Structures are given as C-alpha cells and as structure tokens.
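Novice: Got data.txt for you, compact mmCIF, C-alpha atoms:
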# COMPACT_ATOMS: atom_id res chain seq x y z
CA MET V 244 -9.86 22.44 -2.84
CA GLY V 245 -7.43 21.43 -0.09
CA THR V 246 -3.77 20.57 -0.57
CA ALA V 247 -4.24 16.80 -0.37
CA ASP V 248 -7.11 16.92 -2.87
CA ARG V 249 -5.03 19.02 -5.30
CA HIS V 250 -2.12 16.61 -5.05
CA ARG V 251 -4.38 13.64 -5.74
CA LEU V 252 -5.94 15.38 -8.75
CA ILE V 253 -2.52 16.29 -10.17
CA GLY V 254 -1.40 12.68 -9.70
CA GLU V 255 -4.51 11.36 -11.44
CA LEU V 256 -4.02 13.71 -14.39
CA LEU V 257 -0.43 12.54 -14.81
CA ARG V 258 -1.56 8.91 -14.87
CA GLN V 259 -3.63 9.81 -17.95
CA ARG V 260 -1.27 12.24 -19.68
CA GLU V 261 2.46 12.54 -20.23
CA GLU V 262 2.57 16.25 -19.46
CA VAL V 263 0.35 18.97 -17.99
CA SER V 264 0.84 22.73 -17.81
CA VAL V 265 0.53 25.04 -14.82
CA GLU V 266 -2.31 26.86 -16.59
CA GLU V 267 -4.25 23.61 -17.04
CA LEU V 268 -3.76 22.74 -13.38
CA VAL V 269 -4.89 26.20 -12.28
CA ALA V 270 -8.15 25.64 -14.17
CA ALA V 271 -8.59 22.06 -12.93
CA CYS V 272 -7.82 22.82 -9.27
CA GLY V 273 -9.22 26.33 -8.95
CA ALA V 274 -5.96 27.49 -7.35
CA SER V 275 -3.48 30.23 -8.10
CA GLY V 276 -0.42 29.73 -10.26
CA ALA V 277 1.84 30.23 -7.24
CA THR V 278 -0.02 27.53 -5.30
CA ILE V 279 0.19 25.06 -8.20
CA ARG V 280 3.92 25.71 -8.60
CA ARG V 281 4.47 24.97 -4.89
CA ASP V 282 2.42 21.79 -5.27
CA LEU V 283 4.55 20.68 -8.22
CA GLU V 284 7.75 21.27 -6.28
CA ILE V 285 6.47 19.15 -3.38
CA LEU V 286 5.27 16.36 -5.67
CA SER V 287 8.54 16.42 -7.58
CA ALA V 288 10.48 16.02 -4.32
CA ASN V 289 8.26 13.06 -3.41
CA GLY V 290 8.91 11.30 -6.71
CA VAL V 291 5.43 11.75 -8.16
CA LEU V 292 6.40 13.82 -11.22
CA ARG V 293 9.24 15.64 -12.97
CA ARG V 294 9.13 19.41 -12.93
CA VAL V 295 9.54 20.97 -16.39
CA HIS V 296 9.31 24.54 -17.66
CA GLY V 297 5.68 25.65 -17.45
CA GLY V 298 4.33 22.47 -15.87
CA ALA V 299 5.10 18.85 -15.03
CA ARG V 300 5.82 15.58 -16.80
CA SER V 301 4.75 12.11 -15.73
CA LEU V 302 7.46 9.74 -14.52
CA LEU V 303 5.49 6.77 -15.82
CA ASP V 304 6.20 5.06 -19.07
CA ARG V 305 3.10 3.33 -20.38
CA GLY V 306 2.49 0.12 -18.46
CA ASP V 307 5.11 0.80 -15.77
CA ASN V 308 4.32 0.29 -12.11
CA PRO V 309 3.83 3.72 -10.49
CA GLY V 310 6.23 4.68 -7.70
CA TYR V 311 5.27 5.00 -4.06
CA GLY V 312 4.71 8.77 -4.23
CA GLN V 313 2.21 8.34 -7.08
CA ARG V 314 0.40 5.42 -5.45
CA GLU V 315 0.08 7.28 -2.16
CA LEU V 316 -2.16 9.82 -3.91
CA GLU V 317 -4.47 7.28 -5.54
CA ASP V 318 -7.67 5.70 -4.12
CA HIS V 319 -7.01 7.43 -0.80
CA ASP V 320 -10.56 7.21 0.59
CA GLN V 321 -10.74 3.50 -0.24
CA LYS V 322 -7.42 2.87 1.48
CA LEU V 323 -8.61 4.70 4.60
CA ARG V 324 -11.72 2.52 4.78
CA ILE V 325 -9.70 -0.63 4.22
CA ALA V 326 -7.20 0.40 6.91
CA LYS V 327 -9.96 0.91 9.48
CA ALA V 328 -11.50 -2.45 8.61
CA VAL V 329 -8.15 -4.24 8.96
CA ASP V 330 -7.53 -2.50 12.28
CA SER V 331 -10.85 -3.83 13.61
CA LEU V 332 -9.76 -7.40 12.85
CA ILE V 333 -6.60 -7.29 14.97
CA ARG V 334 -6.79 -7.87 18.70
CA ASP V 335 -4.93 -5.79 21.26
CA ARG V 336 -1.38 -6.87 22.15
CA ALA V 337 -1.12 -9.03 19.05
CA HIS V 338 2.14 -9.58 17.18
CA VAL V 339 1.64 -8.29 13.64
CA TRP V 340 3.70 -8.53 10.45
CA LEU V 341 2.82 -5.57 8.22
CA ASP V 342 3.62 -5.43 4.50
CA SER V 343 4.99 -2.39 2.64
CA GLY V 344 3.17 -0.06 0.23
CA SER V 345 0.78 2.88 0.40
CA THR V 346 -2.16 0.82 1.72
CA ALA V 347 0.08 -0.65 4.41
CA THR V 348 1.09 2.88 5.46
CA GLU V 349 -2.56 3.79 6.06
CA ILE V 350 -2.98 0.59 8.06
CA ALA V 351 0.10 1.52 10.10
CA ARG V 352 -1.50 4.86 10.98
CA CYS V 353 -4.46 2.99 12.44
CA LEU V 354 -2.34 0.40 14.25
CA GLY V 355 -0.19 3.17 15.70
CA ARG V 356 -3.07 4.06 18.02
CA ARG V 357 -2.99 0.57 19.53
CA THR V 358 -0.87 -1.48 21.92
CA LEU V 359 0.72 -4.05 19.59
CA THR V 360 4.05 -5.51 18.55
CA VAL V 361 4.55 -4.79 14.85
CA MET V 362 7.19 -5.64 12.26
CA PRO V 363 6.64 -3.04 9.49
CA MET V 364 8.26 -3.77 6.14
CA SER V 365 8.97 -0.15 5.20
CA LEU V 366 10.22 3.08 6.72
CA HIS V 367 6.94 4.69 5.64
CA GLY V 368 5.22 2.22 7.98
CA VAL V 369 7.75 2.92 10.74
CA ASP V 370 7.07 6.66 10.51
CA ALA V 371 3.31 6.11 10.60
CA LEU V 372 3.51 3.79 13.61
CA MET V 373 5.79 6.19 15.51
CA ASP V 374 3.73 9.31 14.79
CA SER V 375 3.35 10.98 18.18
CA LYS V 376 -0.16 12.17 17.29
CA THR V 377 -1.54 8.63 17.28
CA GLY V 378 -0.84 8.14 20.97
CA GLY V 379 -0.27 4.38 20.72
CA ARG V 380 2.30 2.27 22.55
CA SER V 381 3.23 -0.23 19.86
CA ASP V 382 6.58 -2.00 20.06
CA LEU V 383 8.41 -2.10 16.72
CA ILE V 384 10.66 -4.83 15.35
CA LEU V 385 12.62 -3.89 12.23
CA PRO V 386 13.40 -6.67 9.75
CA GLY V 387 16.76 -5.36 8.55
CA GLY V 388 18.16 -6.21 5.14
CA GLU V 389 18.43 -4.12 2.00
CA LEU V 390 16.46 -0.85 1.89
CA ILE V 391 14.87 -0.13 -1.49
CA PRO V 392 15.00 3.59 -2.45
CA GLY V 393 11.68 5.32 -3.06
CA GLU V 394 9.63 2.46 -1.66
CA GLN V 395 11.76 2.58 1.52
CA SER V 396 10.96 -1.10 1.94
CA PHE V 397 13.12 -3.90 3.31
CA ARG V 398 14.13 -6.76 1.01
CA GLY V 399 16.65 -9.54 0.61
CA PRO V 400 17.87 -12.72 2.34
CA MET V 401 18.54 -11.03 5.70
CA THR V 402 15.01 -9.60 5.70
CA GLU V 403 13.45 -12.98 4.92
CA SER V 404 15.59 -14.75 7.53
CA ASN V 405 14.63 -12.29 10.26
CA ILE V 406 10.94 -12.56 9.39
CA ARG V 407 11.07 -16.35 9.50
CA SER V 408 12.85 -16.31 12.88
CA LEU V 409 9.66 -14.98 14.51
CA ARG V 410 6.04 -16.06 14.81
CA PHE V 411 3.20 -13.57 14.37
CA ASP V 412 -0.46 -13.71 15.31
CA THR V 413 -1.41 -11.91 12.08
CA ALA V 414 0.22 -11.05 8.77
CA VAL V 415 -1.28 -8.14 6.85
CA VAL V 416 -0.42 -8.48 3.17
CA THR V 417 -0.93 -5.78 0.54
CA PRO V 418 -0.44 -7.48 -2.85
CA CYS V 419 0.35 -5.65 -6.07
CA ALA V 420 -2.36 -7.68 -7.79
CA ILE V 421 -4.90 -10.33 -6.82
CA ASN V 422 -7.09 -12.76 -8.76
CA VAL V 423 -8.81 -16.07 -8.06
CA LYS V 424 -6.74 -17.98 -10.62
CA ASP V 425 -3.22 -17.09 -9.46
CA GLY V 426 -3.85 -15.66 -5.99
CA LEU V 427 -1.56 -12.92 -4.67
CA LEU V 428 1.05 -11.34 -6.94
CA ALA V 429 3.93 -8.87 -6.63
CA HIS V 430 5.91 -6.86 -9.15
CA ASP V 431 9.28 -8.45 -8.38
CA LEU V 432 10.67 -11.65 -6.90
CA ASN V 433 12.25 -10.04 -3.83
CA ASP V 434 8.98 -8.40 -2.83
CA ALA V 435 7.14 -11.68 -3.40
CA ALA V 436 9.65 -13.54 -1.23
CA ALA V 437 9.26 -11.07 1.66
CA LYS V 438 5.47 -11.27 1.46
CA ARG V 439 5.60 -15.05 1.40
CA ALA V 440 7.88 -15.13 4.46
CA GLY V 441 5.43 -12.94 6.37
CA MET V 442 2.47 -15.13 5.47
CA GLU V 443 4.25 -18.37 6.36
CA SER V 444 5.29 -16.98 9.76
CA ALA V 445 1.77 -16.00 10.85
CA SER V 446 -1.21 -17.85 12.31
CA LYS V 447 -3.69 -15.67 10.41
CA VAL V 448 -3.33 -13.93 7.04
CA ILE V 449 -5.30 -10.78 6.21
CA VAL V 450 -5.06 -9.43 2.66
CA ALA V 451 -5.82 -5.73 2.12
CA ALA V 452 -6.58 -4.96 -1.53
CA SER V 453 -8.44 -2.00 -3.02
CA GLY V 454 -10.59 -2.50 -6.11
CA PRO V 455 -7.90 -1.68 -8.72
CA LYS V 456 -5.71 -4.53 -7.39
CA TRP V 457 -8.31 -7.01 -8.73
CA LEU V 458 -7.78 -5.57 -12.22
CA ALA V 459 -3.99 -5.19 -12.00
CA SER V 460 -1.32 -7.50 -13.34
CA ALA V 461 2.03 -8.52 -11.83
CA VAL V 462 4.62 -11.16 -12.63
CA ALA V 463 5.81 -12.68 -9.33
CA LEU V 464 3.64 -15.22 -7.56
CA VAL V 465 3.32 -14.75 -3.80
CA SER V 466 0.75 -17.34 -2.81
CA ALA V 467 -2.45 -19.06 -3.81
CA LEU V 468 -5.61 -17.86 -2.08
CA ASP V 469 -5.93 -21.01 0.00
CA ALA V 470 -3.27 -19.53 2.32
CA VAL V 471 -5.47 -16.48 3.02
CA ASP V 472 -7.97 -16.21 5.88
CA VAL V 473 -9.56 -12.79 5.23
CA ILE V 474 -9.63 -10.38 2.29
CA VAL V 475 -10.49 -6.76 3.08
CA THR V 476 -11.49 -4.84 -0.04
CA ASP V 477 -13.79 -2.05 -1.20
CA LEU V 478 -14.96 -3.99 -4.27
CA GLU V 479 -17.95 -6.32 -4.00
CA PRO V 480 -16.84 -9.62 -5.59
CA SER V 481 -18.84 -11.09 -8.46
CA PRO V 482 -20.97 -14.17 -7.70
CA GLU V 483 -18.34 -16.35 -9.41
CA ILE V 484 -15.49 -14.93 -7.33
CA SER V 485 -17.57 -15.14 -4.14
CA ALA V 486 -18.32 -18.80 -4.82
CA ARG V 487 -14.63 -19.55 -5.35
CA LEU V 488 -13.63 -17.73 -2.16
CA ASN V 489 -16.33 -19.49 -0.17
CA LYS V 490 -15.02 -22.82 -1.43
CA LEU V 491 -11.55 -21.85 -0.16
CA SER V 492 -13.04 -20.69 3.20
CA VAL V 493 -11.77 -17.15 2.61
CA GLU V 494 -13.79 -14.51 4.45
CA VAL V 495 -14.43 -11.27 2.54
CA VAL V 496 -14.86 -7.97 4.40
CA ILE V 497 -16.19 -5.06 2.33
CA ALA V 498 -14.84 -1.75 3.60
How would this structure read if it were set down as structure tokens?
Specialist:
Amino acid sequence: MGTADRHRLIGELLRQREEVSVEELVAACGASGATIRRDLEILSANGVLRRVHGGARSLLDRGDNPGYGQRELEDHDQKLRIAKAVDSLIRDRAHVWLDSGSTATEIARCLGRRTLTVMPMSLHGVDALMDSKTGGRSDLILPGGELIPGEQSFRGPMTESNIRSLRFDTAVVTPCAINVKDGLLAHDLNDAAAKRAGMESASKVIVAASGPKWLASAVALVSALDAVDVIVTDLEPSPEISARLNKLSVEVVIA
C-alpha cells in the first residue's frame, strides 16, 4: 500500500473512531510500525489527527465539519474524476473564479496545465496552479481579504469586494452541501458570501460536488439551483432529482 493510500485509510478510520493504535494501523495498512509512526507525524502536522502515546486521536467531535487536511484524504478518486470533467468544460484563455476546498484544489491542478486567468479562493489552489510540474501558463489574480487558518481560504468584505469588481467567464463552485430543495449550502456565512459573490460575477456557473455532498447538511444558504448552469458529480441523480434539474435547465455531468 502506497503512502497516499495509507493516509486515506488512516483518515477514514478516524472518521469512524475516536482513537486508533499504531498496532491496529500496522495490521490495517500492512506496514511497519516505523512507517505508521512517520505517517501519523505527517498527518498530525497537516491537521488530520492528534498524535497520542501509542497511536492517534481524531480531531472531530461527532457532527463537526472535518478540517481541510481530513477532507483532502477522502473520496480522492471521485474528486480526480470530477476535476477532469470540470477542466473539460472550460475553454482556453477563459477568466475563471475558483472556489476553495479540497475538490477545488484538485480542479486547480488540472487548470494549472492550461492557459487561463484564474482567481483561486485559497492558498491551496494557488500552490496547485503554480506547481511547476503542470507546465501551464495561467495568470493568477488573488482576492485578498482575511486568510482563514487551516483552510487557507480568503474571506471577508475585502474579498467579496474584489471578486465583485471583476467579471469572469466561469465560476467553479464547490459547495459544502447540495440538495434540490435549498440549493447550494456552506458551513458558515462568510464562506457562503464569497461563493455567492463568485457566482454573481460570472457568466456561467459550474458546481462540482461529489456524492457525499448530496447527503451532507450545512447551515448557510449560498444560492438556489436556478443560478447554476452545470453540476459535475459522480453520483447518478434519482429520477425525481433529474426531473427537477431538467425543469431548472441545469445540465448534469457524471464524472
């Protein structure tokens, strides 16, 4: 099992349990104790878990929203497929507003291979777009404002004002939750406001949402689905949801 696969498995186990021992992880991952201990140190530094004597403890209280480091490990294959599908929908030399979050980071890695003008809403996205291995020539515009620790995302009135001062061909939104009744949702009002500013400043809105986002809950309303042009997801919608989306003229792309 490779490093990335071990990290994802450890993250999944700590979503289900409050604590796990090194011995249990050795058995689950088929790796040595020394390797598991190195993995735990890395994951602890990235905010995925808390290192304790003999193992690791989850940072999640029941029902809490997992931090960026935890989310980055989850549903990775689905996010890669979604990112590639979103990339295929954006034309060369377009001006793109790109949301924050782990799915947005994967999208940034794809867009970084292109010639675009992008406003990424997090430093994770900035790093992915500037990765020298991608070989792209994208121009970056940073939104400014308050930088949120951990998420490394931009928020606040200055951020919203700078977003609204520009016009984008496409906004790529990664909601915290999505459903046909409420539309797009975020976990806090500042995040919702930034997402809304991006959507309202763009000619076309693409929503990128993996399957679990359809089952998630969040408290801050971003927008109804009638403001969305395309939803890229890995989950085939039910006939009822498909009928509702068709009525709203929302295209669904299954990644």
Novice: Could the residues of stretch 309-354 of chain V that have an atom at most 12 Å from stretch 397-401 of chain V be listed as a Markdown table, each with its closest atom pair and the distance in Å to one decimal, counting all atoms listed in the file and ordered by chain and ascending residue number?
Specialist:
| residue | atom | partner | partner_atom | distance |
| --- | --- | --- | --- | --- |
| V:Leu341 | CA | V:Phe397 | CA | 11.5 |
| V:Asp342 | CA | V:Phe397 | CA | 9.7 |
| V:Ser343 | CA | V:Phe397 | CA | 8.3 |
| V:Gly344 | CA | V:Phe397 | CA | 11.1 |
Novice: Near stretch 421-435 of chain V, within 9 Å and counting all atoms listed in the file, which residues show up once chain neighbours fewer than 2 positions away are dropped, as a PDB file with C-alpha atoms, in the coordinates of the input?
Specialist:
ATOM      1  CA  ASN V 308       4.320   0.290 -12.110  1.00  0.00           C
ATOM      2  CA  SER V 396      10.960  -1.100   1.940  1.00  0.00           C
ATOM      3  CA  PHE V 397      13.120  -3.900   3.310  1.00  0.00           C
ATOM      4  CA  ARG V 398      14.130  -6.760   1.010  1.00  0.00           C
ATOM      5  CA  GLY V 399      16.650  -9.540   0.610  1.00  0.00           C
ATOM      6  CA  PRO V 400      17.870 -12.720   2.340  1.00  0.00           C
ATOM      7  CA  THR V 417      -0.930  -5.780   0.540  1.00  0.00           C
ATOM      8  CA  PRO V 418      -0.440  -7.480  -2.850  1.00  0.00           C
ATOM      9  CA  CYS V 419       0.350  -5.650  -6.070  1.00  0.00           C
ATOM     10  CA  ALA V 437       9.260 -11.070   1.660  1.00  0.00           C
ATOM     11  CA  LYS V 438       5.470 -11.270   1.460  1.00  0.00           C
ATOM     12  CA  ARG V 439       5.600 -15.050   1.400  1.00  0.00           C
ATOM     13  CA  ALA V 440       7.880 -15.130   4.460  1.00  0.00           C
ATOM     14  CA  VAL V 450      -5.060  -9.430   2.660  1.00  0.00           C
ATOM     15  CA  ALA V 452      -6.580  -4.960  -1.530  1.00  0.00           C
ATOM     16  CA  LYS V 456      -5.710  -4.530  -7.390  1.00  0.00           C
ATOM     17  CA  TRP V 457      -8.310  -7.010  -8.730  1.00  0.00           C
ATOM     18  CA  LEU V 458      -7.780  -5.570 -12.220  1.00  0.00           C
ATOM     19  CA  ALA V 459      -3.990  -5.190 -12.000  1.00  0.00           C
ATOM     20  CA  SER V 460      -1.320  -7.500 -13.340  1.00  0.00           C
ATOM     21  CA  ALA V 461       2.030  -8.520 -11.830  1.00  0.00           C
ATOM     22  CA  VAL V 462       4.620 -11.160 -12.630  1.00  0.00           C
ATOM     23  CA  ALA V 463       5.810 -12.680  -9.330  1.00  0.00           C
ATOM     24  CA  LEU V 464       3.640 -15.220  -7.560  1.00  0.00           C
ATOM     25  CA  VAL V 465       3.320 -14.750  -3.800  1.00  0.00           C
ATOM     26  CA  SER V 466       0.750 -17.340  -2.810  1.00  0.00           C
ATOM     27  CA  ALA V 467      -2.450 -19.060  -3.810  1.00  0.00           C
ATOM     28  CA  LEU V 468      -5.610 -17.860  -2.080  1.00  0.00           C
ATOM     29  CA  ASP V 469      -5.930 -21.010   0.000  1.00  0.00           C
ATOM     30  CA  ILE V 484     -15.490 -14.930  -7.330  1.00  0.00           C
ATOM     31  CA  ARG V 487     -14.630 -19.550  -5.350  1.00  0.00           C
ATOM     32  CA  LEU V 488     -13.630 -17.730  -2.160  1.00  0.00           C
TER      33      LEU V 488
END
Novice: Any idea what the distance is between atom CA of V:Leu283 and atom CA of V:His319?
Specialist: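 One can read the atom CA of V:Leu283 to atom CA of V:His319 distance as 19.1 Å.
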Novice: Measuring atom to atom with all atoms listed in the file, identify which of V:Val475, V:Leu409, V:Ser331, V:Gly393 is nearest to V:Thr360.
Specialist: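 Selected residue with least distance to V:Thr360: V:Leu409.
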Novice: Write out as a VMD selection string each polymer residue whose atoms come within 7 Å of V:Leu372, counting all atoms listed in the file; drop sequence neighbours fewer than 2 positions from it.
Specialist: chain V and resid 351 to 352 354 to 355 368 to 370 374
Novice: Against stretch 444-448 of chain V, which residues of stretch 279-392 of chain V fall within 10 Å? For each one I want the closest pair of atoms and the distance in Å (one decimal), counting all atoms listed in the file, rows by chain and increasing residue number, as JSON lines.
Specialist:
{"residue": "V:Ile333", "atom": "CA", "partner": "V:Lys447", "partner_atom": "CA", "distance": 10.0}
{"residue": "V:His338", "atom": "CA", "partner": "V:Ala445", "partner_atom": "CA", "distance": 9.0}
{"residue": "V:Val339", "atom": "CA", "partner": "V:Ala445", "partner_atom": "CA", "distance": 8.2}
{"residue": "V:Trp340", "atom": "CA", "partner": "V:Ala445", "partner_atom": "CA", "distance": 7.7}
Novice: Return the single residue from V:Ile350, V:Val269, V:Leu323, V:Val473 that is closest to V:Gly298, with distances computed using only C-alpha atoms.
Specialist: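 Of the candidates, the smallest distance to V:Gly298 is held by V:Val269.
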Novice: One number please: atom CA of V:Glu267 to atom CA of V:Arg280, in Å, one decimal.
Specialist: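 Answer for the atom CA of V:Glu267 to atom CA of V:Arg280 separation: 11.9 Å.
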Novice: Please measure the separation of atom CA of V:Phe411 and atom CA of V:Asp330, giving the value in Å to one decimal.
Specialist: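 Distance between the two atoms: 15.6 Å.
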